[in-house]
>>> print(open('start_38.cif').read())   # mmCIF, C-alpha atoms
data_target
loop_
_atom_site.label_atom_id
_atom_site.label_comp_id
_atom_site.auth_asym_id
_atom_site.auth_seq_id
_atom_site.Cartn_x
_atom_site.Cartn_y
_atom_site.Cartn_z
CA MET A 1 -64.01 61.90 11.56
CA ASP A 2 -61.80 63.17 8.74
CA LEU A 3 -59.18 60.44 8.36
CA SER A 4 -58.89 56.76 9.25
CA ILE A 5 -55.38 55.32 8.99
CA ILE A 6 -55.36 51.55 8.66
CA ILE A 7 -52.14 49.64 9.24
CA VAL A 8 -51.87 45.87 8.81
CA ASN A 9 -49.07 44.34 10.86
CA TYR A 10 -47.39 40.96 10.81
CA ASN A 11 -44.29 40.54 12.97
CA THR A 12 -42.90 44.02 12.31
CA ARG A 13 -42.94 45.36 15.88
CA ASN A 14 -39.97 47.72 15.61
CA LEU A 15 -40.94 49.00 12.18
CA LEU A 16 -44.55 49.42 13.31
CA ARG A 17 -43.34 51.48 16.26
CA LYS A 18 -41.47 53.78 13.85
CA THR A 19 -44.56 54.09 11.67
CA LEU A 20 -46.80 55.05 14.57
CA GLU A 21 -44.20 57.42 16.00
CA SER A 22 -43.91 59.15 12.64
CA ILE A 23 -47.68 59.71 12.48
CA TYR A 24 -47.85 61.23 15.96
CA LYS A 25 -44.71 63.28 15.30
CA ASN A 26 -46.12 64.58 12.02
CA PRO A 27 -49.89 64.46 12.57
CA THR A 28 -52.66 65.95 10.50
CA TYR A 29 -54.47 68.91 12.03
CA ARG A 30 -57.70 67.12 11.19
CA GLU A 31 -59.54 64.63 13.38
CA PHE A 32 -58.06 61.19 12.76
CA GLU A 33 -57.96 57.66 14.08
CA ILE A 34 -55.39 54.89 13.71
CA ILE A 35 -56.49 51.28 13.35
CA VAL A 36 -53.84 48.57 13.59
CA VAL A 37 -54.97 45.15 12.40
CA ASP A 38 -52.51 42.55 13.64
CA ASN A 39 -52.28 39.24 11.79
CA ALA A 40 -51.38 37.00 14.75
CA SER A 41 -47.87 38.37 15.24
CA ILE A 42 -45.60 36.48 17.63
CA ASP A 43 -43.00 39.21 18.10
CA GLY A 44 -44.78 41.23 20.77
CA SER A 45 -46.35 43.73 18.39
CA GLN A 46 -49.72 43.70 20.13
CA GLU A 47 -48.23 44.32 23.55
CA MET A 48 -46.10 47.16 22.18
CA VAL A 49 -49.13 48.91 20.68
CA LYS A 50 -51.17 48.54 23.87
CA LYS A 51 -48.39 49.86 26.06
CA GLU A 52 -46.90 52.64 23.92
CA PHE A 53 -49.87 53.76 21.80
CA PRO A 54 -53.03 53.35 23.91
CA ASP A 55 -55.06 55.61 21.61
CA VAL A 56 -54.61 53.25 18.68
CA ILE A 57 -57.50 50.93 17.90
CA LEU A 58 -55.96 47.44 17.91
CA ILE A 59 -57.61 44.46 16.26
CA GLU A 60 -55.96 41.14 17.05
CA ASN A 61 -56.57 38.38 14.53
CA LYS A 62 -56.05 34.81 15.65
CA GLN A 63 -54.31 33.88 12.39
CA ASN A 64 -52.56 35.54 9.48
CA LEU A 65 -55.47 36.55 7.26
CA GLY A 66 -53.36 38.24 4.62
CA PHE A 67 -53.14 41.89 3.60
CA ALA A 68 -56.43 42.37 1.75
CA ARG A 69 -58.64 40.62 4.27
CA ALA A 70 -57.01 42.35 7.25
CA ASN A 71 -57.35 45.77 5.62
CA ASN A 72 -61.01 45.07 4.97
CA ILE A 73 -61.53 44.40 8.68
CA GLY A 74 -60.12 47.84 9.41
CA ILE A 75 -62.10 49.52 6.63
CA ARG A 76 -65.38 48.12 7.98
CA ILE A 77 -64.97 49.89 11.33
CA ALA A 78 -63.26 53.04 9.98
CA LYS A 79 -65.18 56.27 10.51
CA GLY A 80 -63.16 58.63 8.35
CA LYS A 81 -64.21 60.58 5.29
CA TYR A 82 -60.86 59.44 3.88
CA ILE A 83 -59.31 56.00 4.34
CA LEU A 84 -55.53 55.69 4.28
CA LEU A 85 -54.00 52.26 3.79
CA LEU A 86 -50.50 52.52 5.22
CA ASN A 87 -47.82 49.84 5.50
CA SER A 88 -46.30 48.98 8.85
CA ASP A 89 -42.82 49.52 7.38
CA THR A 90 -43.26 53.17 6.39
CA GLU A 91 -42.47 56.54 7.92
CA VAL A 92 -44.78 59.51 7.41
CA LEU A 93 -42.96 62.82 6.93
CA ARG A 94 -43.96 66.31 8.01
CA GLY A 95 -46.95 67.68 6.12
CA THR A 96 -47.62 64.50 4.16
CA LEU A 97 -51.09 63.74 5.50
CA ASP A 98 -52.48 67.27 5.30
CA SER A 99 -50.89 67.93 1.91
CA CYS A 100 -52.56 64.85 0.42
CA ILE A 101 -55.98 65.57 1.89
CA ASP A 102 -55.76 69.24 0.91
CA PHE A 103 -54.96 68.18 -2.65
CA LEU A 104 -58.00 65.89 -2.81
CA GLU A 105 -60.31 68.53 -1.37
CA LYS A 106 -59.10 71.26 -3.71
CA ASP A 107 -59.33 69.02 -6.77
CA GLU A 108 -62.56 67.23 -5.97
CA ALA A 109 -64.08 68.30 -9.30
CA LYS A 110 -61.38 66.35 -11.16
CA GLY A 111 -62.84 63.09 -9.91
CA ILE A 112 -59.74 61.81 -8.10
CA GLY A 113 -60.82 58.87 -5.97
CA ILE A 114 -57.45 57.41 -4.99
CA LEU A 115 -54.24 59.28 -4.24
CA GLY A 116 -50.72 57.97 -3.78
CA CYS A 117 -47.73 60.03 -2.73
CA LYS A 118 -44.05 59.88 -3.59
CA VAL A 119 -42.66 56.78 -1.88
CA VAL A 120 -38.91 56.60 -1.41
CA LEU A 121 -36.66 53.86 -0.11
CA PRO A 122 -34.26 54.49 2.80
CA ASP A 123 -31.48 55.32 0.31
CA GLY A 124 -33.61 58.07 -1.22
CA LYS A 125 -34.42 56.25 -4.45
CA LEU A 126 -37.98 56.11 -5.69
CA ASP A 127 -39.95 52.98 -4.87
CA LEU A 128 -41.05 52.26 -8.43
CA ALA A 129 -44.25 50.57 -7.25
CA CYS A 130 -45.70 53.89 -6.09
CA ARG A 131 -46.89 54.80 -9.62
CA ARG A 132 -47.65 52.11 -12.14
CA GLY A 133 -49.40 51.20 -15.33
CA PHE A 134 -51.62 48.14 -15.29
CA PRO A 135 -49.89 44.78 -15.86
CA THR A 136 -51.22 44.22 -19.35
CA PRO A 137 -49.63 41.33 -21.26
CA LYS A 138 -47.37 43.83 -23.06
CA ASN A 139 -46.31 45.68 -19.91
CA SER A 140 -45.75 42.43 -18.03
CA PHE A 141 -43.68 40.90 -20.84
CA PHE A 142 -41.36 43.92 -21.05
CA LYS A 143 -41.05 44.02 -17.25
CA ILE A 144 -40.34 40.30 -16.73
CA PHE A 145 -37.85 39.98 -19.57
CA GLY A 146 -35.90 43.13 -18.75
CA LEU A 147 -36.80 45.34 -21.71
CA ALA A 148 -38.40 47.91 -19.40
CA LYS A 149 -35.14 48.17 -17.45
CA LEU A 150 -33.10 48.29 -20.65
CA PHE A 151 -35.19 51.16 -22.04
CA PRO A 152 -36.40 53.05 -18.93
CA LYS A 153 -37.16 56.27 -20.82
CA SER A 154 -39.31 54.56 -23.45
CA ARG A 155 -43.06 55.04 -23.17
CA PHE A 156 -43.50 51.83 -25.17
CA PHE A 157 -41.28 49.55 -23.10
CA ALA A 158 -41.57 51.14 -19.62
CA GLY A 159 -45.35 51.19 -19.39
CA TYR A 160 -45.51 49.33 -16.09
CA ASN A 161 -43.21 51.31 -13.78
CA LEU A 162 -43.60 54.53 -15.80
CA THR A 163 -39.91 55.34 -15.52
CA TYR A 164 -40.19 57.63 -18.55
CA LEU A 165 -42.18 60.09 -16.39
CA ASP A 166 -40.67 62.68 -14.04
CA GLU A 167 -40.99 61.38 -10.46
CA ASN A 168 -41.13 64.98 -9.19
CA GLN A 169 -44.27 65.82 -11.16
CA SER A 170 -47.86 64.87 -10.29
CA TYR A 171 -50.17 63.16 -12.77
CA GLU A 172 -52.90 60.59 -13.28
CA VAL A 173 -51.71 56.97 -13.35
CA ASP A 174 -53.28 53.53 -13.51
CA SER A 175 -52.28 52.43 -10.01
CA VAL A 176 -50.55 53.50 -6.82
CA VAL A 177 -49.12 51.25 -4.14
CA GLY A 178 -50.98 49.89 -1.11
CA ALA A 179 -48.12 51.02 1.13
CA PHE A 180 -49.74 54.47 0.95
CA MET A 181 -53.15 54.61 -0.65
CA LEU A 182 -55.49 57.45 0.29
CA ILE A 183 -59.07 56.64 -0.69
CA ARG A 184 -62.25 58.68 -0.70
CA ARG A 185 -64.99 56.85 1.16
CA GLU A 186 -67.24 57.20 -1.88
CA VAL A 187 -64.93 54.90 -3.82
CA ILE A 188 -65.34 52.09 -1.30
CA GLU A 189 -69.08 52.66 -1.14
CA LYS A 190 -69.32 52.27 -4.91
CA ILE A 191 -66.84 49.49 -5.75
CA GLY A 192 -66.61 47.60 -2.46
CA LEU A 193 -63.66 46.40 -0.42
CA LEU A 194 -60.30 44.93 -1.45
CA ASP A 195 -60.53 41.60 -3.26
CA GLU A 196 -59.70 38.90 -0.70
CA ASP A 197 -58.68 36.43 -3.41
CA TYR A 198 -55.31 38.16 -3.08
CA PHE A 199 -53.50 37.05 0.07
CA MET A 200 -50.96 39.83 -0.37
CA PHE A 201 -49.67 41.75 -3.41
CA GLY A 202 -51.91 42.69 -6.32
CA GLU A 203 -54.91 43.81 -4.28
CA ASP A 204 -53.84 47.45 -4.65
CA ILE A 205 -53.62 47.24 -8.45
CA ASP A 206 -56.93 45.39 -8.57
CA PHE A 207 -58.61 48.04 -6.41
CA CYS A 208 -57.31 50.84 -8.63
CA PHE A 209 -58.43 48.95 -11.75
CA ARG A 210 -61.97 48.64 -10.39
CA ALA A 211 -61.99 52.29 -9.31
CA LYS A 212 -61.05 53.47 -12.80
CA GLN A 213 -63.66 51.16 -14.31
CA ASN A 214 -66.21 53.04 -12.20
CA GLY A 215 -65.13 56.50 -13.27
CA PHE A 216 -62.70 57.47 -10.52
CA LYS A 217 -59.23 58.79 -11.26
CA VAL A 218 -56.05 57.48 -9.62
CA TYR A 219 -53.38 60.11 -9.03
CA TYR A 220 -49.68 60.17 -8.16
CA TYR A 221 -48.95 63.22 -6.00
CA ALA A 222 -45.25 64.05 -5.94
CA ASP A 223 -45.43 66.96 -3.44
CA ALA A 224 -45.94 64.61 -0.48
CA LYS A 225 -43.54 61.88 0.55
CA ILE A 226 -43.07 58.87 2.83
CA ILE A 227 -40.17 56.49 3.45
CA HIS A 228 -40.73 52.81 2.75
CA HIS A 229 -38.54 50.19 4.44
CA LYS A 230 -39.63 47.71 1.81
CA ARG A 231 -40.33 44.03 2.51
CA GLY A 232 -40.33 44.53 6.24
CA SER A 233 -42.49 41.44 6.68
CA GLY A 234 -42.33 39.84 3.25
CA ARG A 235 -39.05 37.94 3.10
CA ASN A 236 -40.39 34.42 3.20
CA LEU A 237 -41.54 31.69 0.84
CA LYS A 238 -45.24 32.26 1.53
CA ALA A 239 -44.98 35.92 0.57
CA LEU A 240 -42.98 35.08 -2.54
CA SER A 241 -45.56 32.50 -3.58
CA ALA A 242 -48.39 34.99 -3.01
CA PHE A 243 -46.58 37.55 -5.18
CA TYR A 244 -46.62 35.28 -8.23
CA ASP A 245 -50.10 33.93 -7.49
CA SER A 246 -51.41 37.50 -7.56
CA MET A 247 -50.22 37.90 -11.16
CA TRP A 248 -52.43 35.07 -12.37
CA ILE A 249 -55.39 36.15 -10.22
CA PHE A 250 -55.27 39.61 -11.79
CA TYR A 251 -54.95 38.31 -15.36
CA ARG A 252 -57.73 35.75 -14.88
CA LYS A 253 -60.05 38.36 -13.41
CA HIS A 254 -59.44 41.29 -15.77
CA TYR A 255 -57.81 40.09 -19.00
CA TYR A 256 -58.75 36.45 -19.50
CA ASP A 257 -61.75 37.21 -21.73
CA LYS A 258 -59.99 40.00 -23.62
CA TYR A 259 -57.18 37.93 -25.15
CA PRO A 260 -56.89 34.53 -26.89
CA LYS A 261 -57.03 31.49 -24.60
CA SER A 262 -53.67 30.40 -25.96
CA LEU A 263 -52.13 33.56 -24.47
CA ALA A 264 -53.70 32.78 -21.11
CA LEU A 265 -52.12 29.31 -21.15
CA LEU A 266 -48.74 30.79 -22.04
CA ILE A 267 -48.99 33.36 -19.24
CA PHE A 268 -50.11 30.75 -16.71
CA VAL A 269 -47.20 28.43 -17.55
CA THR A 270 -44.70 31.31 -17.55
CA ILE A 271 -45.82 32.55 -14.15
CA ARG A 272 -45.68 29.05 -12.68
CA LEU A 273 -42.19 28.40 -14.04
CA ILE A 274 -40.83 31.71 -12.78
CA LYS A 275 -42.51 31.13 -9.41
CA LEU A 276 -40.95 27.68 -9.09
CA LEU A 277 -37.52 29.01 -10.02
CA LYS A 278 -37.71 31.88 -7.53
CA LEU A 279 -38.94 29.60 -4.73
CA VAL A 280 -36.07 27.18 -5.31
CA GLN A 281 -33.54 30.02 -5.44
CA THR A 282 -34.90 31.57 -2.26
CA LYS A 283 -34.98 28.27 -0.40
CA ILE A 284 -31.37 27.56 -1.34
CA LYS A 285 -30.35 31.07 -0.33
CA ASN A 286 -32.16 30.79 3.01
CA THR A 287 -30.60 27.40 3.71
CA PHE A 288 -27.14 28.75 2.91
CA SER A 289 -27.69 31.75 5.17
CA GLU A 290 -28.85 29.56 8.06
CA ARG A 291 -25.82 27.29 7.72
CA LYS A 292 -23.54 30.31 7.58
CA LYS A 293 -25.06 31.65 10.79
CA GLY A 294 -24.68 28.22 12.40
CA HIS A 295 -20.96 28.22 11.68
CA ALA A 296 -20.47 31.80 12.81
#
>>> encode(input="start_38.cif", output="structure tokens")
Amino acid sequence: MDLSIIIVNYNTRNLLRKTLESIYKNPTYREFEIIVVDNASIDGSQEMVKKEFPDVILIENKQNLGFARANNIGIRIAKGKYILLLNSDTEVLRGTLDSCIDFLEKDEAKGIGILGCKVVLPDGKLDLACRRGFPTPKNSFFKIFGLAKLFPKSRFFAGYNLTYLDENQSYEVDSVVGAFMLIRREVIEKIGLLDEDYFMFGEDIDFCFRAKQNGFKVYYYADAKIIHHKRGSGRNLKALSAFYDSMWIFYRKHYYDKYPKSLALLIFVTIRLIKLLKLVQTKIKNTFSERKKGHA
């Protein structure tokens, strides 16, 4: 088996259908399998997959296990030489799969263990998460407080989203996004699975960090592209909470012993305050939207 495509789904039936259709419409010429790991969806996703895509391997979890844990379930049964983690809210374009695998096979001597492609939003703009620097204290500070956005062409200030680099060129980066992450099996065999401390968000950066620690390169490949209908299943308080929790998990795991403890306390408090503010804002917004719908 050449390629195993693993898709974690949670209540994104219609988007998942588009994702699967795009793969079969633009398949690789290599032998491949598709594994859908469903996190206890209640929107009929499982039934849709069984009826419309009988060749897909469907794993039905009895509860929402989160992104990292569900992907690991798929990885454990995957047979491919390459493992592709693909979001359920993406669309694969013509030539994407073969182009990425061809690139890895031609450049094997360069030590590339993880490859991400160009990820664009429905409006054609680049999804900035598809090529990133690690969230060091400096990069995180400039990102959170808007300096990275204010100086997008500055290597010093824009070290997280790398907006000073040409999105149409390919190069080594710190991290690519889990929405499309092509992994050599050797990487998983050496560093293990995704860290299940992350419910969702952050596990992709963590995996890339560990890969680079073990001598593998992470590469952004601009000659292949997918469309990402971002936040297809993430617009809720639990997802928002997990997003901010992942920041502290990553810092505690990889940076806590590298910086003064006083900085750790400051970062912890800052993350918690921002998280609380965003949760309150989102709850108010959701309440307002529900009331507006009720009066419609």
>>> residues_around(input="start_38.cif", residues="range 98-115 of chain A", least_positions_apart="2", cutoff="7 Å", atoms="all atoms listed in the file", output="PyMOL selection string")
chain A and resi 28+95-96+117+181-184+187+216-221+224
>>> closest_atom_pairs(input="start_38.cif", of="range 235-295 of chain A", to="range 50-69 of chain A", cutoff="12 Å", atoms="all atoms listed in the file", output="Markdown table")
| residue | atom | partner | partner_atom | distance |
| --- | --- | --- | --- | --- |
| A:Lys238 | CA | A:Gly66 | CA | 10.5 |
| A:Ala239 | CA | A:Gly66 | CA | 9.6 |
| A:Ala242 | CA | A:Gly66 | CA | 9.7 |
| A:Phe243 | CA | A:Phe67 | CA | 11.8 |
| A:Ser246 | CA | A:Ala68 | CA | 11.6 |
>>> write_last_selection(input="start_38.cif", atoms="C-alpha atoms", output="PDB file, in the coordinates of the input")
ATOM      1  CA  LYS A 238     -45.240  32.260   1.530  1.00  0.00           C
ATOM      2  CA  ALA A 239     -44.980  35.920   0.570  1.00  0.00           C
ATOM      3  CA  ALA A 242     -48.390  34.990  -3.010  1.00  0.00           C
ATOM      4  CA  PHE A 243     -46.580  37.550  -5.180  1.00  0.00           C
ATOM      5  CA  SER A 246     -51.410  37.500  -7.560  1.00  0.00           C
TER       6      SER A 246
END
>>> residues_around(input="start_38.cif", residues="Val120 in chain A", least_positions_apart="5", cutoff="12 Å", atoms="all atoms listed in the file", output="list in words")
Asp89, Thr90, Glu91, Val92, Leu93, Lys125, Leu126, Asp127, Leu128, Ala129, Cys130, Arg131, Glu167, Asn168, Val177, Ala179, Phe180, Ala222, Ala224, Lys225, Ile226, Ile227, His228, His229 and Lys230 of chain A
>>> residues_around(input="start_38.cif", residues="Arg94 in chain A", least_positions_apart="5", cutoff="9 Å", atoms="all atoms listed in the file", output="JSON, numbers by chain")
{"A": [22, 23, 25, 26, 27, 224, 225]}
>>> residues_around(input="start_38.cif", residues="range 70-76 of chain A", least_positions_apart="5", cutoff="8 Å", atoms="only C-alpha atoms", output="MDAnalysis selection string")
chainID A and resid 6:8 35:39 65 83 85 193:194
>>> resolve_selection(input="start_38.cif", expression="the PyMOL selection byres ((chain A and resi 249-251) around 9)", output="PyMOL selection string")
chain A and resi 135-137+197-198+202-203+205-206+245-248+252-256+264+267
>>> axis_aligned_box(input="start_38.cif", around="range 29-37 of chain A", padding_each_side="5 Å", output="lines of an AutoDock Vina configuration file")
center_x = -56.7
center_y = 57.0
center_z = 12.6
size_x = 15.7
size_y = 33.8
size_z = 12.9
>>> closest_residue(input="start_38.cif", among="A:Asp123, A:Glu186, A:Glu172, A:Asp223", to="Leu97 in chain A", atoms="only C-alpha atoms")
A:Asp223
>>> residues_near_point(input="start_38.cif", point="(-39.7, 45.4, -17.2)", cutoff="6 Å", atoms="only C-alpha atoms", output="MDAnalysis selection string")
chainID A and resid 142:144 146:149
>>> atom_distance(input="start_38.cif", atom1="CA of Glu21 in chain A", atom2="CA of Lys79 in chain A")
21.7 Å
>>> atom_distance(input="start_38.cif", atom1="CA of Glu47 in chain A", atom2="CA of Ile77 in chain A")
21.5 Å
>>> build_atoms(input="start_38.cif", residues="range 7-43 of chain A", atoms="N, CA and C atoms", output="PDB file, keeping the file's coordinate frame")
ATOM      1  N   ILE A   7     -53.461  50.256   9.364  1.00  0.00           N
ATOM      2  CA  ILE A   7     -52.140  49.640   9.240  1.00  0.00           C
ATOM      3  C   ILE A   7     -52.262  48.149   9.546  1.00  0.00           C
ATOM      4  N   VAL A   8     -51.903  47.314   8.596  1.00  0.00           N
ATOM      5  CA  VAL A   8     -51.870  45.870   8.810  1.00  0.00           C
ATOM      6  C   VAL A   8     -50.466  45.485   9.244  1.00  0.00           C
ATOM      7  N   ASN A   9     -50.385  44.710  10.322  1.00  0.00           N
ATOM      8  CA  ASN A   9     -49.070  44.340  10.860  1.00  0.00           C
ATOM      9  C   ASN A   9     -48.927  42.825  10.961  1.00  0.00           C
ATOM     10  N   TYR A  10     -47.737  42.366  10.620  1.00  0.00           N
ATOM     11  CA  TYR A  10     -47.390  40.960  10.810  1.00  0.00           C
ATOM     12  C   TYR A  10     -45.921  40.857  11.179  1.00  0.00           C
ATOM     13  N   ASN A  11     -45.656  40.733  12.463  1.00  0.00           N
ATOM     14  CA  ASN A  11     -44.290  40.540  12.970  1.00  0.00           C
ATOM     15  C   ASN A  11     -43.323  41.646  12.554  1.00  0.00           C
ATOM     16  N   THR A  12     -43.794  42.896  12.603  1.00  0.00           N
ATOM     17  CA  THR A  12     -42.900  44.020  12.310  1.00  0.00           C
ATOM     18  C   THR A  12     -42.927  45.017  13.465  1.00  0.00           C
ATOM     19  N   ARG A  13     -42.772  44.524  14.678  1.00  0.00           N
ATOM     20  CA  ARG A  13     -42.940  45.360  15.880  1.00  0.00           C
ATOM     21  C   ARG A  13     -42.118  46.647  15.821  1.00  0.00           C
ATOM     22  N   ASN A  14     -40.827  46.535  15.578  1.00  0.00           N
ATOM     23  CA  ASN A  14     -39.970  47.720  15.610  1.00  0.00           C
ATOM     24  C   ASN A  14     -40.272  48.687  14.475  1.00  0.00           C
ATOM     25  N   LEU A  15     -40.560  48.144  13.298  1.00  0.00           N
ATOM     26  CA  LEU A  15     -40.940  49.000  12.180  1.00  0.00           C
ATOM     27  C   LEU A  15     -42.294  49.648  12.426  1.00  0.00           C
ATOM     28  N   LEU A  16     -43.224  48.881  12.987  1.00  0.00           N
ATOM     29  CA  LEU A  16     -44.550  49.420  13.310  1.00  0.00           C
ATOM     30  C   LEU A  16     -44.428  50.566  14.314  1.00  0.00           C
ATOM     31  N   ARG A  17     -43.564  50.401  15.285  1.00  0.00           N
ATOM     32  CA  ARG A  17     -43.340  51.480  16.260  1.00  0.00           C
ATOM     33  C   ARG A  17     -42.881  52.761  15.554  1.00  0.00           C
ATOM     34  N   LYS A  18     -41.948  52.615  14.609  1.00  0.00           N
ATOM     35  CA  LYS A  18     -41.470  53.780  13.850  1.00  0.00           C
ATOM     36  C   LYS A  18     -42.592  54.422  13.045  1.00  0.00           C
ATOM     37  N   THR A  19     -43.436  53.578  12.460  1.00  0.00           N
ATOM     38  CA  THR A  19     -44.560  54.090  11.670  1.00  0.00           C
ATOM     39  C   THR A  19     -45.496  54.913  12.538  1.00  0.00           C
ATOM     40  N   LEU A  20     -45.873  54.355  13.675  1.00  0.00           N
ATOM     41  CA  LEU A  20     -46.800  55.050  14.570  1.00  0.00           C
ATOM     42  C   LEU A  20     -46.167  56.322  15.144  1.00  0.00           C
ATOM     43  N   GLU A  21     -44.895  56.239  15.499  1.00  0.00           N
ATOM     44  CA  GLU A  21     -44.200  57.420  16.000  1.00  0.00           C
ATOM     45  C   GLU A  21     -44.179  58.529  14.947  1.00  0.00           C
ATOM     46  N   SER A  22     -43.981  58.152  13.703  1.00  0.00           N
ATOM     47  CA  SER A  22     -43.910  59.150  12.640  1.00  0.00           C
ATOM     48  C   SER A  22     -45.256  59.853  12.439  1.00  0.00           C
ATOM     49  N   ILE A  23     -46.346  59.105  12.622  1.00  0.00           N
ATOM     50  CA  ILE A  23     -47.680  59.710  12.480  1.00  0.00           C
ATOM     51  C   ILE A  23     -47.927  60.712  13.593  1.00  0.00           C
ATOM     52  N   TYR A  24     -47.609  60.330  14.832  1.00  0.00           N
ATOM     53  CA  TYR A  24     -47.850  61.230  15.960  1.00  0.00           C
ATOM     54  C   TYR A  24     -46.861  62.399  15.984  1.00  0.00           C
ATOM     55  N   LYS A  25     -45.694  62.201  15.398  1.00  0.00           N
ATOM     56  CA  LYS A  25     -44.710  63.280  15.300  1.00  0.00           C
ATOM     57  C   LYS A  25     -45.085  64.259  14.202  1.00  0.00           C
ATOM     58  N   ASN A  26     -45.726  63.749  13.158  1.00  0.00           N
ATOM     59  CA  ASN A  26     -46.120  64.580  12.020  1.00  0.00           C
ATOM     60  C   ASN A  26     -47.615  64.398  11.744  1.00  0.00           C
ATOM     61  N   PRO A  27     -48.459  64.759  12.701  1.00  0.00           N
ATOM     62  CA  PRO A  27     -49.890  64.460  12.570  1.00  0.00           C
ATOM     63  C   PRO A  27     -50.606  65.426  11.620  1.00  0.00           C
ATOM     64  N   THR A  28     -51.778  65.041  11.199  1.00  0.00           N
ATOM     65  CA  THR A  28     -52.660  65.950  10.500  1.00  0.00           C
ATOM     66  C   THR A  28     -53.365  66.822  11.522  1.00  0.00           C
ATOM     67  N   TYR A  29     -53.733  68.033  11.116  1.00  0.00           N
ATOM     68  CA  TYR A  29     -54.470  68.910  12.030  1.00  0.00           C
ATOM     69  C   TYR A  29     -55.943  68.506  12.086  1.00  0.00           C
ATOM     70  N   ARG A  30     -56.324  67.589  11.221  1.00  0.00           N
ATOM     71  CA  ARG A  30     -57.700  67.120  11.190  1.00  0.00           C
ATOM     72  C   ARG A  30     -57.929  66.023  12.238  1.00  0.00           C
ATOM     73  N   GLU A  31     -59.197  65.715  12.466  1.00  0.00           N
ATOM     74  CA  GLU A  31     -59.540  64.630  13.380  1.00  0.00           C
ATOM     75  C   GLU A  31     -59.203  63.299  12.704  1.00  0.00           C
ATOM     76  N   PHE A  32     -58.450  62.451  13.381  1.00  0.00           N
ATOM     77  CA  PHE A  32     -58.060  61.190  12.760  1.00  0.00           C
ATOM     78  C   PHE A  32     -58.046  60.059  13.781  1.00  0.00           C
ATOM     79  N   GLU A  33     -58.071  58.858  13.261  1.00  0.00           N
ATOM     80  CA  GLU A  33     -57.960  57.660  14.080  1.00  0.00           C
ATOM     81  C   GLU A  33     -56.963  56.724  13.413  1.00  0.00           C
ATOM     82  N   ILE A  34     -56.318  55.899  14.224  1.00  0.00           N
ATOM     83  CA  ILE A  34     -55.390  54.890  13.710  1.00  0.00           C
ATOM     84  C   ILE A  34     -55.906  53.523  14.104  1.00  0.00           C
ATOM     85  N   ILE A  35     -56.031  52.656  13.122  1.00  0.00           N
ATOM     86  CA  ILE A  35     -56.490  51.280  13.350  1.00  0.00           C
ATOM     87  C   ILE A  35     -55.368  50.339  12.936  1.00  0.00           C
ATOM     88  N   VAL A  36     -54.854  49.583  13.886  1.00  0.00           N
ATOM     89  CA  VAL A  36     -53.840  48.570  13.590  1.00  0.00           C
ATOM     90  C   VAL A  36     -54.514  47.204  13.606  1.00  0.00           C
ATOM     91  N   VAL A  37     -54.427  46.506  12.492  1.00  0.00           N
ATOM     92  CA  VAL A  37     -54.970  45.150  12.400  1.00  0.00           C
ATOM     93  C   VAL A  37     -53.797  44.195  12.412  1.00  0.00           C
ATOM     94  N   ASP A  38     -53.667  43.439  13.493  1.00  0.00           N
ATOM     95  CA  ASP A  38     -52.510  42.550  13.640  1.00  0.00           C
ATOM     96  C   ASP A  38     -52.870  41.131  13.227  1.00  0.00           C
ATOM     97  N   ASN A  39     -52.047  40.576  12.347  1.00  0.00           N
ATOM     98  CA  ASN A  39     -52.280  39.240  11.790  1.00  0.00           C
ATOM     99  C   ASN A  39     -51.564  38.154  12.594  1.00  0.00           C
ATOM    100  N   ALA A  40     -51.912  38.065  13.881  1.00  0.00           N
ATOM    101  CA  ALA A  40     -51.380  37.000  14.750  1.00  0.00           C
ATOM    102  C   ALA A  40     -49.859  37.038  14.855  1.00  0.00           C
ATOM    103  N   SER A  41     -49.311  38.233  15.070  1.00  0.00           N
ATOM    104  CA  SER A  41     -47.870  38.370  15.240  1.00  0.00           C
ATOM    105  C   SER A  41     -47.403  37.652  16.506  1.00  0.00           C
ATOM    106  N   ILE A  42     -46.170  37.165  16.474  1.00  0.00           N
ATOM    107  CA  ILE A  42     -45.600  36.480  17.630  1.00  0.00           C
ATOM    108  C   ILE A  42     -44.342  37.196  18.129  1.00  0.00           C
ATOM    109  N   ASP A  43     -44.198  38.460  17.724  1.00  0.00           N
ATOM    110  CA  ASP A  43     -43.000  39.210  18.100  1.00  0.00           C
ATOM    111  C   ASP A  43     -43.269  40.287  19.144  1.00  0.00           C
TER     112      ASP A  43
END
